[in-house]
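Dropping final-v2.cif in here (mmCIF, C-alpha atoms):
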```cif
data_my_file
#
loop_
_atom_site.label_atom_id
_atom_site.label_comp_id
_atom_site.auth_asym_id
_atom_site.auth_seq_id
_atom_site.Cartn_x
_atom_site.Cartn_y
_atom_site.Cartn_z
CA MET A 1 9.42 -23.73 12.97
CA ILE A 2 10.79 -20.31 12.00
CA SER A 3 14.34 -20.20 10.77
CA ASP A 4 16.89 -17.94 12.36
CA ARG A 5 16.29 -14.36 11.24
CA LYS A 6 19.92 -13.75 10.60
CA ALA A 7 20.07 -16.65 8.20
CA ALA A 8 16.85 -15.62 6.51
CA ALA A 9 18.00 -12.09 5.90
CA THR A 10 21.57 -12.72 4.74
CA GLY A 11 22.82 -12.43 1.20
CA ARG A 12 21.61 -10.13 -1.50
CA ARG A 13 18.01 -11.33 -1.57
CA PRO A 14 15.27 -8.76 -0.82
CA GLY A 15 14.55 -7.97 2.82
CA TYR A 16 11.66 -6.78 4.93
CA ALA A 17 11.10 -3.58 2.93
CA VAL A 18 10.26 -5.58 -0.20
CA ALA A 19 7.93 -7.84 1.80
CA ALA A 20 6.24 -4.71 3.16
CA GLY A 21 5.77 -3.47 -0.42
CA VAL A 22 4.06 -6.74 -1.37
CA PHE A 23 1.86 -6.39 1.71
CA ALA A 24 0.89 -2.81 0.78
CA ILE A 25 -0.01 -3.76 -2.80
CA GLY A 26 -2.18 -6.61 -1.58
CA MET A 27 -4.05 -4.48 0.96
CA ALA A 28 -4.53 -1.61 -1.53
CA GLY A 29 -6.57 -3.95 -3.72
CA THR A 30 -9.10 -4.50 -0.93
CA THR A 31 -10.16 -0.83 -0.83
CA LEU A 32 -10.01 0.02 -4.55
CA PRO A 33 -13.82 -0.08 -4.99
CA THR A 34 -14.50 2.46 -2.21
CA PRO A 35 -14.82 5.65 -4.33
CA LEU A 36 -16.55 3.71 -7.11
CA TYR A 37 -19.68 2.51 -5.30
CA GLY A 38 -21.63 5.57 -6.47
CA LEU A 39 -20.81 4.70 -10.09
CA TYR A 40 -21.90 1.10 -9.52
CA ARG A 41 -25.16 2.35 -8.01
CA GLN A 42 -25.83 4.40 -11.15
CA GLU A 43 -24.93 1.51 -13.45
CA ILE A 44 -26.63 -1.37 -11.64
CA GLY A 45 -29.17 0.40 -9.46
CA PHE A 46 -29.18 -0.57 -5.77
CA SER A 47 -29.71 1.10 -2.39
CA GLU A 48 -27.22 2.50 0.11
CA LEU A 49 -28.02 -0.48 2.32
CA MET A 50 -26.79 -2.80 -0.44
CA VAL A 51 -23.54 -0.80 -0.65
CA THR A 52 -22.86 -1.57 2.99
CA VAL A 53 -23.79 -5.24 2.55
CA VAL A 54 -21.39 -5.52 -0.41
CA PHE A 55 -18.71 -4.02 1.81
CA ALA A 56 -19.56 -6.26 4.77
CA VAL A 57 -19.04 -9.50 2.85
CA TYR A 58 -15.38 -8.46 2.57
CA ALA A 59 -15.07 -8.51 6.36
CA LEU A 60 -16.82 -11.90 6.48
CA GLY A 61 -14.23 -13.20 4.00
CA VAL A 62 -11.42 -11.95 6.25
CA ILE A 63 -13.00 -13.51 9.34
CA THR A 64 -13.47 -16.85 7.56
CA VAL A 65 -9.80 -17.03 6.56
CA LEU A 66 -8.61 -15.96 10.01
CA LEU A 67 -10.66 -18.77 11.54
CA LEU A 68 -9.80 -21.49 9.01
CA ALA A 69 -6.31 -20.64 7.77
CA GLY A 70 -4.92 -17.80 9.87
CA ASN A 71 -1.82 -19.82 10.81
CA VAL A 72 -1.44 -21.94 7.66
CA SER A 73 1.74 -20.08 6.63
CA ASP A 74 3.43 -21.52 9.74
CA ASP A 75 3.13 -24.92 8.03
CA VAL A 76 3.41 -24.34 4.28
CA GLY A 77 5.70 -21.30 4.38
CA ARG A 78 5.20 -17.57 3.89
CA ARG A 79 5.85 -17.42 0.13
CA PRO A 80 3.20 -19.98 -0.96
CA VAL A 81 0.55 -18.20 1.11
CA LEU A 82 1.60 -14.83 -0.32
CA PHE A 83 1.31 -16.25 -3.84
CA CYS A 84 -2.16 -17.57 -3.00
CA ALA A 85 -3.20 -14.20 -1.58
CA LEU A 86 -1.93 -12.41 -4.70
CA ALA A 87 -3.85 -14.84 -6.91
CA LEU A 88 -7.05 -14.15 -4.96
CA SER A 89 -6.40 -10.42 -5.23
CA ALA A 90 -5.99 -10.75 -9.00
CA ALA A 91 -9.18 -12.82 -9.24
CA SER A 92 -11.04 -10.14 -7.29
CA ALA A 93 -9.79 -7.45 -9.69
CA LEU A 94 -10.98 -9.52 -12.65
CA CYS A 95 -14.45 -9.80 -11.09
CA PHE A 96 -14.65 -6.01 -11.02
CA ILE A 97 -13.22 -5.60 -14.52
CA PHE A 98 -15.80 -7.99 -15.99
CA GLU A 99 -18.51 -6.91 -13.55
CA GLY A 100 -21.96 -7.95 -14.69
CA GLY A 101 -24.15 -7.06 -11.75
CA LEU A 102 -24.34 -7.51 -8.00
CA PRO A 103 -23.21 -11.19 -7.99
CA PHE A 104 -19.83 -10.19 -9.43
CA LEU A 105 -19.49 -7.40 -6.88
CA PHE A 106 -20.21 -9.83 -4.06
CA LEU A 107 -17.79 -12.40 -5.44
CA GLY A 108 -15.08 -9.79 -5.94
CA ARG A 109 -15.44 -8.56 -2.36
CA VAL A 110 -15.43 -12.07 -0.88
CA LEU A 111 -12.26 -12.96 -2.80
CA SER A 112 -10.72 -9.69 -1.66
CA GLY A 113 -11.56 -10.60 1.94
CA PHE A 114 -9.93 -14.00 1.54
CA ALA A 115 -6.80 -12.30 0.19
CA ALA A 116 -6.70 -9.80 3.06
CA GLY A 117 -7.05 -12.57 5.62
CA LEU A 118 -4.06 -14.41 4.16
CA PHE A 119 -1.98 -11.25 3.82
CA SER A 120 -2.67 -10.23 7.42
CA GLY A 121 -0.93 -13.26 8.86
CA ALA A 122 1.65 -14.32 6.27
CA ALA A 123 2.83 -10.88 5.14
CA THR A 124 3.09 -9.51 8.67
CA ALA A 125 5.14 -12.53 9.72
CA ALA A 126 7.36 -12.28 6.62
CA VAL A 127 8.11 -8.60 7.22
CA LEU A 128 9.05 -9.22 10.86
CA GLU A 129 11.12 -12.34 10.15
CA LEU A 130 13.12 -10.77 7.33
CA ALA A 131 14.40 -8.01 9.60
CA LYS A 132 18.09 -8.20 10.39
CA PRO A 133 19.25 -7.91 14.02
CA GLY A 134 18.64 -4.36 15.16
CA GLN A 135 15.94 -3.76 12.54
CA GLU A 136 13.05 -5.27 14.49
CA ALA A 137 11.46 -1.94 15.46
CA HIS A 138 11.72 -0.62 11.90
CA ALA A 139 10.21 -3.83 10.55
CA GLY A 140 7.34 -3.65 13.03
CA PHE A 141 6.46 -0.15 11.85
CA ALA A 142 6.91 -1.22 8.21
CA ALA A 143 4.31 -3.95 8.72
CA THR A 144 1.90 -1.46 10.29
CA ALA A 145 2.50 1.15 7.58
CA ALA A 146 2.10 -1.43 4.82
CA ASN A 147 -1.21 -2.63 6.25
CA MET A 148 -2.91 0.69 6.97
CA GLY A 149 -1.00 2.61 4.29
CA GLY A 150 -1.97 0.06 1.66
CA LEU A 151 -5.62 0.24 2.72
CA GLY A 152 -5.45 4.02 2.38
CA CYS A 153 -3.69 4.04 -0.99
CA GLY A 154 -6.39 1.89 -2.63
CA PRO A 155 -9.14 4.55 -2.65
CA LEU A 156 -6.58 7.29 -3.33
CA LEU A 157 -5.47 5.49 -6.52
CA SER A 158 -8.91 4.48 -7.77
CA GLY A 159 -10.46 7.86 -6.98
CA PHE A 160 -7.78 9.70 -8.95
CA LEU A 161 -7.99 7.33 -11.93
CA ALA A 162 -11.79 7.29 -11.95
CA GLN A 163 -11.95 11.09 -11.91
CA TYR A 164 -9.17 11.98 -14.35
CA ALA A 165 -8.61 8.93 -16.57
CA PRO A 166 -10.84 6.94 -18.96
CA TRP A 167 -12.69 3.72 -18.10
CA PRO A 168 -13.31 4.58 -14.41
CA LEU A 169 -14.68 1.13 -13.54
CA VAL A 170 -11.93 -0.78 -15.35
CA LEU A 171 -8.63 1.13 -15.26
CA PRO A 172 -8.12 1.10 -11.44
CA PHE A 173 -8.35 -2.69 -11.37
CA ALA A 174 -6.20 -3.09 -14.50
CA VAL A 175 -3.49 -0.98 -12.84
CA HIS A 176 -3.79 -3.12 -9.73
CA LEU A 177 -3.33 -6.28 -11.80
CA VAL A 178 -0.02 -4.85 -13.04
CA LEU A 179 1.00 -4.08 -9.45
CA VAL A 180 0.03 -7.62 -8.40
CA ALA A 181 2.29 -9.00 -11.15
CA VAL A 182 5.17 -6.87 -9.82
CA ALA A 183 4.41 -8.10 -6.29
CA ALA A 184 4.44 -11.72 -7.51
CA VAL A 185 7.94 -11.25 -8.96
CA ALA A 186 9.08 -9.66 -5.70
CA THR A 187 7.59 -12.54 -3.71
CA TRP A 188 9.45 -15.04 -5.89
CA LEU A 189 12.70 -13.29 -4.96
CA LEU A 190 11.97 -13.19 -1.23
CA PRO A 191 13.74 -15.78 0.95
CA GLU A 192 11.51 -18.28 2.75
CA THR A 193 11.61 -17.81 6.53
CA VAL A 194 9.83 -21.02 7.56
CA ARG A 195 12.10 -24.00 8.13
CA ASP A 196 10.92 -27.32 6.68
CA PRO A 197 7.59 -26.13 5.19
CA HIS A 198 5.10 -28.94 4.67
CA ARG A 199 1.52 -29.45 3.58
CA PRO A 200 -0.90 -29.46 6.53
CA HIS A 201 -3.07 -32.55 6.91
CA ARG A 202 -6.27 -30.51 6.80
CA LEU A 203 -7.64 -27.07 7.54
CA ARG A 204 -9.66 -26.86 10.71
CA PRO A 205 -11.14 -23.91 12.59
CA GLN A 206 -8.69 -22.40 15.03
CA ARG A 207 -9.68 -22.70 18.64
CA LEU A 208 -10.25 -19.24 20.10
CA HIS A 209 -9.36 -19.61 23.75
CA LEU A 210 -9.25 -16.83 26.32
CA PRO A 211 -7.18 -17.90 29.33
CA PRO A 212 -8.30 -16.45 32.69
CA GLU A 213 -5.25 -14.18 33.06
CA VAL A 214 -6.06 -12.27 29.85
CA ARG A 215 -9.80 -11.69 30.27
CA GLY A 216 -9.51 -8.47 32.25
CA VAL A 217 -7.31 -6.93 29.56
CA PHE A 218 -9.07 -8.48 26.57
CA THR A 219 -12.57 -7.02 26.99
CA PRO A 220 -11.73 -3.28 27.06
CA SER A 221 -8.98 -3.71 24.46
CA ALA A 222 -11.23 -5.62 22.06
CA VAL A 223 -14.16 -3.21 22.52
CA ALA A 224 -11.83 -0.27 21.80
CA ALA A 225 -10.68 -2.09 18.64
CA PHE A 226 -14.34 -2.69 17.69
CA ALA A 227 -15.10 1.04 18.02
CA GLY A 228 -12.03 2.08 16.04
CA PHE A 229 -12.64 -0.40 13.25
CA ALA A 230 -16.26 0.78 13.07
CA LEU A 231 -14.90 4.20 12.15
CA LEU A 232 -12.64 2.67 9.48
CA GLY A 233 -15.59 0.70 8.13
CA LEU A 234 -17.74 3.81 7.95
CA PHE A 235 -15.16 5.70 5.90
CA THR A 236 -14.32 2.74 3.68
CA ALA A 237 -17.94 1.84 2.89
CA VAL A 238 -20.02 5.01 2.83
CA ALA A 239 -17.74 8.08 3.14
CA PRO A 240 -17.92 8.81 -0.63
CA SER A 241 -21.73 8.79 -0.38
CA PHE A 242 -21.60 11.16 2.58
CA VAL A 243 -19.23 13.44 0.68
CA GLY A 244 -21.34 13.43 -2.47
CA GLN A 245 -24.88 13.51 -1.10
CA THR A 246 -24.46 15.43 2.16
CA LEU A 247 -21.53 17.76 1.40
CA GLY A 248 -22.18 18.10 -2.33
CA VAL A 249 -18.64 17.12 -3.39
CA THR A 250 -18.78 14.78 -6.39
CA ASN A 251 -15.05 14.67 -7.25
CA LEU A 252 -14.01 11.02 -6.85
CA ALA A 253 -10.37 11.95 -6.28
CA VAL A 254 -11.41 14.07 -3.29
CA ALA A 255 -13.53 11.20 -1.94
CA GLY A 256 -10.56 8.83 -2.26
CA ALA A 257 -8.26 11.33 -0.53
CA ILE A 258 -10.67 11.65 2.40
CA VAL A 259 -10.71 7.87 2.90
CA PHE A 260 -6.90 7.90 2.61
CA SER A 261 -6.71 10.48 5.40
CA VAL A 262 -8.33 8.21 8.00
CA PHE A 263 -5.80 5.44 7.27
CA LEU A 264 -2.98 7.98 7.29
CA GLY A 265 -4.12 9.00 10.77
CA SER A 266 -4.25 5.34 11.83
CA THR A 267 -0.68 4.75 10.68
CA ALA A 268 0.48 7.82 12.58
CA GLY A 269 -1.42 6.73 15.68
CA GLN A 270 0.10 3.26 15.67
CA SER A 271 3.55 4.83 15.33
CA LEU A 272 2.90 7.09 18.33
CA ALA A 273 1.54 4.24 20.47
CA GLY A 274 4.99 2.66 20.72
CA ARG A 275 6.41 5.88 22.18
CA ILE A 276 3.54 6.70 24.52
CA GLY A 277 3.15 3.25 26.05
CA VAL A 278 0.11 1.00 26.48
CA ARG A 279 -1.16 2.51 29.74
CA LYS A 280 -1.51 5.97 28.19
CA ALA A 281 -2.17 5.03 24.57
CA LEU A 282 -5.28 2.92 25.19
CA PRO A 283 -7.37 5.55 27.06
CA GLY A 284 -5.70 8.35 25.07
CA GLY A 285 -6.62 6.64 21.81
CA CYS A 286 -10.25 6.34 22.93
CA LEU A 287 -10.28 10.06 23.78
CA VAL A 288 -8.81 11.08 20.42
CA LEU A 289 -11.25 8.71 18.68
CA VAL A 290 -14.16 10.45 20.46
CA ILE A 291 -12.88 13.86 19.34
CA GLY A 292 -12.58 12.58 15.77
CA LEU A 293 -16.11 11.17 15.80
CA ALA A 294 -17.44 14.44 17.21
CA LEU A 295 -15.75 16.30 14.35
CA VAL A 296 -17.23 13.87 11.80
CA ALA A 297 -20.70 14.43 13.30
CA THR A 298 -20.13 18.20 13.25
CA SER A 299 -19.09 18.09 9.59
CA LEU A 300 -22.38 16.38 8.72
CA ALA A 301 -24.42 18.81 10.82
CA VAL A 302 -22.85 21.95 9.33
CA THR A 303 -21.92 20.41 5.92
CA SER A 304 -18.20 21.23 6.15
CA LEU A 305 -15.62 19.28 4.14
CA PRO A 306 -12.55 20.62 6.04
CA VAL A 307 -14.11 19.53 9.35
CA LEU A 308 -14.74 16.06 7.90
CA VAL A 309 -11.08 15.75 6.85
CA LEU A 310 -9.96 16.90 10.29
CA GLY A 311 -12.31 14.35 11.85
CA ALA A 312 -10.91 11.60 9.63
CA LEU A 313 -7.31 12.41 10.59
CA CYS A 314 -8.14 12.75 14.29
CA GLY A 315 -10.38 9.67 14.43
CA GLY A 316 -7.85 7.59 12.50
CA THR A 317 -5.10 8.64 14.91
CA GLY A 318 -7.24 7.63 17.88
CA GLN A 319 -8.05 4.30 16.24
CA GLY A 320 -4.36 3.63 15.60
CA LEU A 321 -3.36 4.50 19.17
CA ALA A 322 -6.06 2.36 20.78
CA PHE A 323 -5.67 -0.53 18.36
CA ARG A 324 -1.91 -0.96 18.73
CA ALA A 325 -2.08 -0.44 22.51
CA GLY A 326 -4.89 -2.99 22.85
CA LEU A 327 -3.14 -5.53 20.66
CA THR A 328 0.10 -5.07 22.62
CA ALA A 329 -1.69 -5.43 25.95
CA VAL A 330 -3.52 -8.58 24.88
CA GLY A 331 -0.38 -10.12 23.35
CA ARG A 332 1.68 -9.48 26.47
CA ALA A 333 -0.99 -10.69 28.90
CA ALA A 334 -1.66 -13.96 27.05
CA PRO A 335 0.47 -16.98 27.99
CA ALA A 336 2.67 -18.22 25.14
CA ALA A 337 0.69 -21.44 24.73
CA HIS A 338 -2.52 -19.50 24.01
CA ARG A 339 -1.18 -16.31 22.44
CA GLY A 340 -2.15 -17.20 18.87
CA GLY A 341 -5.75 -18.02 19.73
CA THR A 342 -6.08 -14.95 21.94
CA ILE A 343 -4.82 -12.59 19.23
CA SER A 344 -7.08 -14.29 16.67
CA ALA A 345 -10.05 -13.60 18.95
CA PHE A 346 -8.95 -9.95 19.22
CA PHE A 347 -8.86 -9.57 15.42
CA LEU A 348 -12.20 -11.36 15.15
CA VAL A 349 -13.86 -8.72 17.36
CA ALA A 350 -12.13 -5.94 15.40
CA TYR A 351 -13.38 -7.21 12.04
CA PHE A 352 -16.91 -7.56 13.35
CA GLY A 353 -16.53 -3.87 14.16
CA ILE A 354 -15.70 -3.07 10.56
CA SER A 355 -18.79 -4.85 9.22
CA LEU A 356 -21.81 -4.97 11.55
CA PRO A 357 -22.09 -1.24 12.44
CA VAL A 358 -21.66 -0.27 8.78
CA VAL A 359 -24.60 -2.46 7.75
CA GLY A 360 -26.56 -0.76 10.53
CA VAL A 361 -25.72 2.62 9.00
CA GLY A 362 -26.95 1.37 5.63
CA ALA A 363 -30.23 0.25 7.19
CA LEU A 364 -30.67 3.58 9.00
CA THR A 365 -30.24 5.53 5.75
CA MET A 366 -33.53 4.01 4.56
CA GLU A 367 -35.36 5.83 7.38
CA LEU A 368 -33.14 8.73 8.42
CA GLY A 369 -31.11 9.52 5.29
CA LEU A 370 -27.32 9.62 5.13
CA ARG A 371 -26.92 12.60 7.46
CA GLY A 372 -29.23 11.18 10.14
CA ALA A 373 -27.63 7.74 9.89
CA GLY A 374 -24.12 9.24 10.16
CA LEU A 375 -25.05 11.30 13.23
CA THR A 376 -26.66 8.28 14.90
CA PHE A 377 -23.61 6.15 14.15
CA ALA A 378 -21.23 8.78 15.54
CA GLY A 379 -23.28 9.11 18.73
CA CYS A 380 -23.35 5.35 19.37
CA VAL A 381 -19.62 4.86 18.79
CA ILE A 382 -18.81 7.93 20.94
CA VAL A 383 -20.72 6.37 23.85
CA LEU A 384 -18.84 3.09 23.32
CA ALA A 385 -15.41 4.78 23.15
CA VAL A 386 -16.08 6.99 26.18
CA THR A 387 -17.16 3.98 28.23
CA VAL A 388 -14.02 2.03 27.33
CA GLY A 389 -11.76 5.05 27.87
CA LEU A 390 -13.15 5.70 31.36
CA TYR A 391 -12.86 2.02 32.25
CA VAL A 392 -9.20 1.72 31.27
CA LEU A 393 -8.39 4.98 33.05
CA ARG A 394 -9.70 3.43 36.28
CA HIS A 395 -8.37 -0.06 35.51
CA PRO A 396 -5.18 0.38 33.41
CA PRO A 397 -3.80 -2.79 31.73
CA ALA A 398 -1.27 -4.57 33.94
CA VAL A 399 1.53 -4.62 31.35
CA ASP A 400 5.04 -3.24 31.24
CA ASP A 401 5.52 -0.29 28.85
#
```

As structure tokens, please, write out the structure in this file.
Amino acid sequence: MISDRKAAATGRRPGYAVAAGVFAIGMAGTTLPTPLYGLYRQEIGFSELMVTVVFAVYALGVITVLLLAGNVSDDVGRRPVLFCALALSAASALCFIFEGGLPFLFLGRVLSGFAAGLFSGAATAAVLELAKPGQEAHAGFAATAANMGGLGCGPLLSGFLAQYAPWPLVLPFAVHLVLVAVAAVATWLLPETVRDPHRPHRLRPQRLHLPPEVRGVFTPSAVAAFAGFALLGLFTAVAPSFVGQTLGVTNLAVAGAIVFSVFLGSTAGQSLAGRIGVRKALPGGCLVLVIGLALVATSLAVTSLPVLVLGALCGGTGQGLAFRAGLTAVGRAAPAAHRGGTISAFFLVAYFGISLPVVGVGALTMELGLRGAGLTFAGCVIVLAVTVGLYVLRHPPAVDD
């Protein structure tokens, strides 16, 4: 189905670095609203619980696309799916620009989730397939950096613009529309890496099958991913509220930079995982994640911004280590005939981690306040990460590093 990489990457047409840039722009759009939720709360008037629900519908959009169309680019080609994802990203930005209440916020987040789901499969595959011989390792890191780096750059950009430029609820999305247009031109110039693309007969839910030989590896790896993505969800959904209400820092650029730091740590962690190896990176990632969560809890208890930033960097690094190690272990353990479904199931668990616990935090704020909810969240995820870390120390994944 996939054309020879050498043929795909020859000539003067753009290569994997350009595809990674398109990927980063697309993912940045999914986190643009993060520092702005406080402004929306002032303008529209809704609770912290509703903030987390608005965020969670994004994850549901991603999960829906992964289930229904996660492998559609194998049939129709990478470029058409990238164009579709960019169109959805632009539509999401327009929903926020012309926002007229909660329905537009929900619609914008759902469309953003659809876009992210398409980008996750098609853009990752395009980056890897456009690598020339000998560039595979660089392309693999480029895909990782584009994904997590793009997610981190979204709040960094919108926080800076909202704090220091006019029209804080419009300009970030207008700038993103310009970037999407640039990405569309770049996508037009990219070579297609799928041989004989064709229209699929119909979209149907992918079958998520766990073969017996992968089940021992899958459970601890997926639970570690769930815990790590819960941390990412916490920072992406409610970190600006924590910073503003608990730490007393109202600068939106600072809030965006703090969210950026957790994704920066994740990118670094995923880079380190390849050097450390799966056997060490999976339990090591859980340990570093626990330390990061403990620092986040400490920052809330003693109201310290520097400790929160340190916790974000440390927790993000642990998430990146455990996530890449778990994904590698699951991918290697799964037989080729069931690898796609197994990896889809892994991502499904991870994205439930980015949504369900965050909604729980929103509900807890109604009774315990932001600080109490954050401390409770940190304690629960610490228990989860410690349990997984101890398990994989005693039962390391049977994979070759």

**Complete:** From the list A:Ala69, A:Val178, A:Ala312, A:Cys153, the nearest residue to Leu234 of chain A using only C-alpha atoms is A:Ala312

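Taking only C-alpha atoms into account, Ala322 of chain A lies nearest to A:Ala222 out of the set A:Val381, A:Ala222, A:Leu128, A:Val243.
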
**Asked** Which of these residues is nearest to Phe106 of chain A, using all atoms listed in the file: A:Pro33, A:Pro166, A:Gly152, A:Gly248?
**Response** A:Pro33

**Asked** Can you list, as JSON, numbers by chain, the residues that the PyMOL selection byres ((chain A and resi 375) around 12) selects here?
**Response** {"A": [234, 242, 246, 293, 294, 295, 296, 297, 298, 299, 300, 301, 302, 361, 364, 365, 368, 369, 370, 371, 372, 373, 374, 376, 377, 378, 379, 380, 381, 382]}

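Every protein or nucleic acid residue with an atom no more than 7 Å from Phe23 of chain A, counting only C-alpha atoms and leaving out same-chain residues fewer than 5 positions away, appears here: Phe119, Ala123, Ala146 and Asn147 of chain A.
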
**Request:** Can you pull out every residue within 9 Å of Leu60 of chain A, counting all atoms listed in the file, but drop anything in the same chain fewer than 3 positions away, and send it as a ChimeraX atom specification?
**Result:** /A:56-57,63-65,110,113-114,351-352,355

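Residues lying within 9 Å of Glu99 of chain A, counting only C-alpha atoms and ignoring same-chain neighbours fewer than 5 positions away, are Leu94, Phe104, Leu105, Gly108 and Leu169 of chain A.
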
Mind writing the picked residues with C-alpha atoms as a PDB file, in the frame of the given file?
```pdb
ATOM      1  CA  LEU A  94     -10.980  -9.520 -12.650  1.00  0.00           C
ATOM      2  CA  PHE A 104     -19.830 -10.190  -9.430  1.00  0.00           C
ATOM      3  CA  LEU A 105     -19.490  -7.400  -6.880  1.00  0.00           C
ATOM      4  CA  GLY A 108     -15.080  -9.790  -5.940  1.00  0.00           C
ATOM      5  CA  LEU A 169     -14.680   1.130 -13.540  1.00  0.00           C
TER       6      LEU A 169
END
```

**Request:** Within 7 Å of (-27.3, 1.3, 4.9) (coordinates as in the file), grab all the protein and nucleic acid residues, counting all atoms listed in the file, and write them out as a list in words.
**Result:** Glu48, Leu49, Met50, Thr52, Val359, Gly360, Val361, Gly362, Ala363, Leu364, Thr365 and Met366 of chain A

May I have the residues from that selection written out with C-alpha atoms, as a tab-separated table (two decimals), in the coordinates of the input?
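This is the output file result.tsv:
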```tsv
chain	number	residue	atom	x	y	z
A	48	GLU	CA	-27.22	2.50	0.11
A	49	LEU	CA	-28.02	-0.48	2.32
A	50	MET	CA	-26.79	-2.80	-0.44
A	52	THR	CA	-22.86	-1.57	2.99
A	359	VAL	CA	-24.60	-2.46	7.75
A	360	GLY	CA	-26.56	-0.76	10.53
A	361	VAL	CA	-25.72	2.62	9.00
A	362	GLY	CA	-26.95	1.37	5.63
A	363	ALA	CA	-30.23	0.25	7.19
A	364	LEU	CA	-30.67	3.58	9.00
A	365	THR	CA	-30.24	5.53	5.75
A	366	MET	CA	-33.53	4.01	4.56
```

**Message:** When you count all atoms listed in the file, which of these residues is closest to Glu192 of chain A: A:Leu356, A:Leu282, A:Val170, A:Val127?
**Reply:** A:Val127

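Candidate residues A:Gly26, A:Gly45, A:Gly316, A:Gly140 were compared for distance to Gly233 of chain A, and the nearest is A:Gly316, using all atoms listed in the file.
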
**Complete:** Expressed in Å, the length from atom CA of Ala333 of chain A to atom CA of Leu118 of chain A is 25.2 Å

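Computed from the coordinates, the atom CA of Arg78 of chain A to atom CA of Ala122 of chain A distance equals 5.4 Å.
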
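Take the candidates A:Val386, A:Cys84, A:Ala174, A:Ala162 and check each one against Pro283 of chain A using all atoms listed in the file; the shortest distance goes to A:Val386.
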
**Message:** Would you pick out the contacts of Phe323 of chain A at 9 Å or less, using only C-alpha atoms, so that residues sharing its chain but fewer than 3 positions from it are not included, and give the list as a VMD selection string?
**Reply:** chain A and resid 221 to 222 224 to 226 228 to 229 266 269 to 270 273 282 285 318 to 320 326 to 328 350

Export of prior selection with C-alpha atoms as a PDB file, keeping the file's coordinate frame:
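The result, stored in selection_20.pdb:
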```
ATOM      1  CA  SER A 221      -8.980  -3.710  24.460  1.00  0.00           C
ATOM      2  CA  ALA A 222     -11.230  -5.620  22.060  1.00  0.00           C
ATOM      3  CA  ALA A 224     -11.830  -0.270  21.800  1.00  0.00           C
ATOM      4  CA  ALA A 225     -10.680  -2.090  18.640  1.00  0.00           C
ATOM      5  CA  PHE A 226     -14.340  -2.690  17.690  1.00  0.00           C
ATOM      6  CA  GLY A 228     -12.030   2.080  16.040  1.00  0.00           C
ATOM      7  CA  PHE A 229     -12.640  -0.400  13.250  1.00  0.00           C
ATOM      8  CA  SER A 266      -4.250   5.340  11.830  1.00  0.00           C
ATOM      9  CA  GLY A 269      -1.420   6.730  15.680  1.00  0.00           C
ATOM     10  CA  GLN A 270       0.100   3.260  15.670  1.00  0.00           C
ATOM     11  CA  ALA A 273       1.540   4.240  20.470  1.00  0.00           C
ATOM     12  CA  LEU A 282      -5.280   2.920  25.190  1.00  0.00           C
ATOM     13  CA  GLY A 285      -6.620   6.640  21.810  1.00  0.00           C
ATOM     14  CA  GLY A 318      -7.240   7.630  17.880  1.00  0.00           C
ATOM     15  CA  GLN A 319      -8.050   4.300  16.240  1.00  0.00           C
ATOM     16  CA  GLY A 320      -4.360   3.630  15.600  1.00  0.00           C
ATOM     17  CA  GLY A 326      -4.890  -2.990  22.850  1.00  0.00           C
ATOM     18  CA  LEU A 327      -3.140  -5.530  20.660  1.00  0.00           C
ATOM     19  CA  THR A 328       0.100  -5.070  22.620  1.00  0.00           C
ATOM     20  CA  ALA A 350     -12.130  -5.940  15.400  1.00  0.00           C
TER      21      ALA A 350
END
```
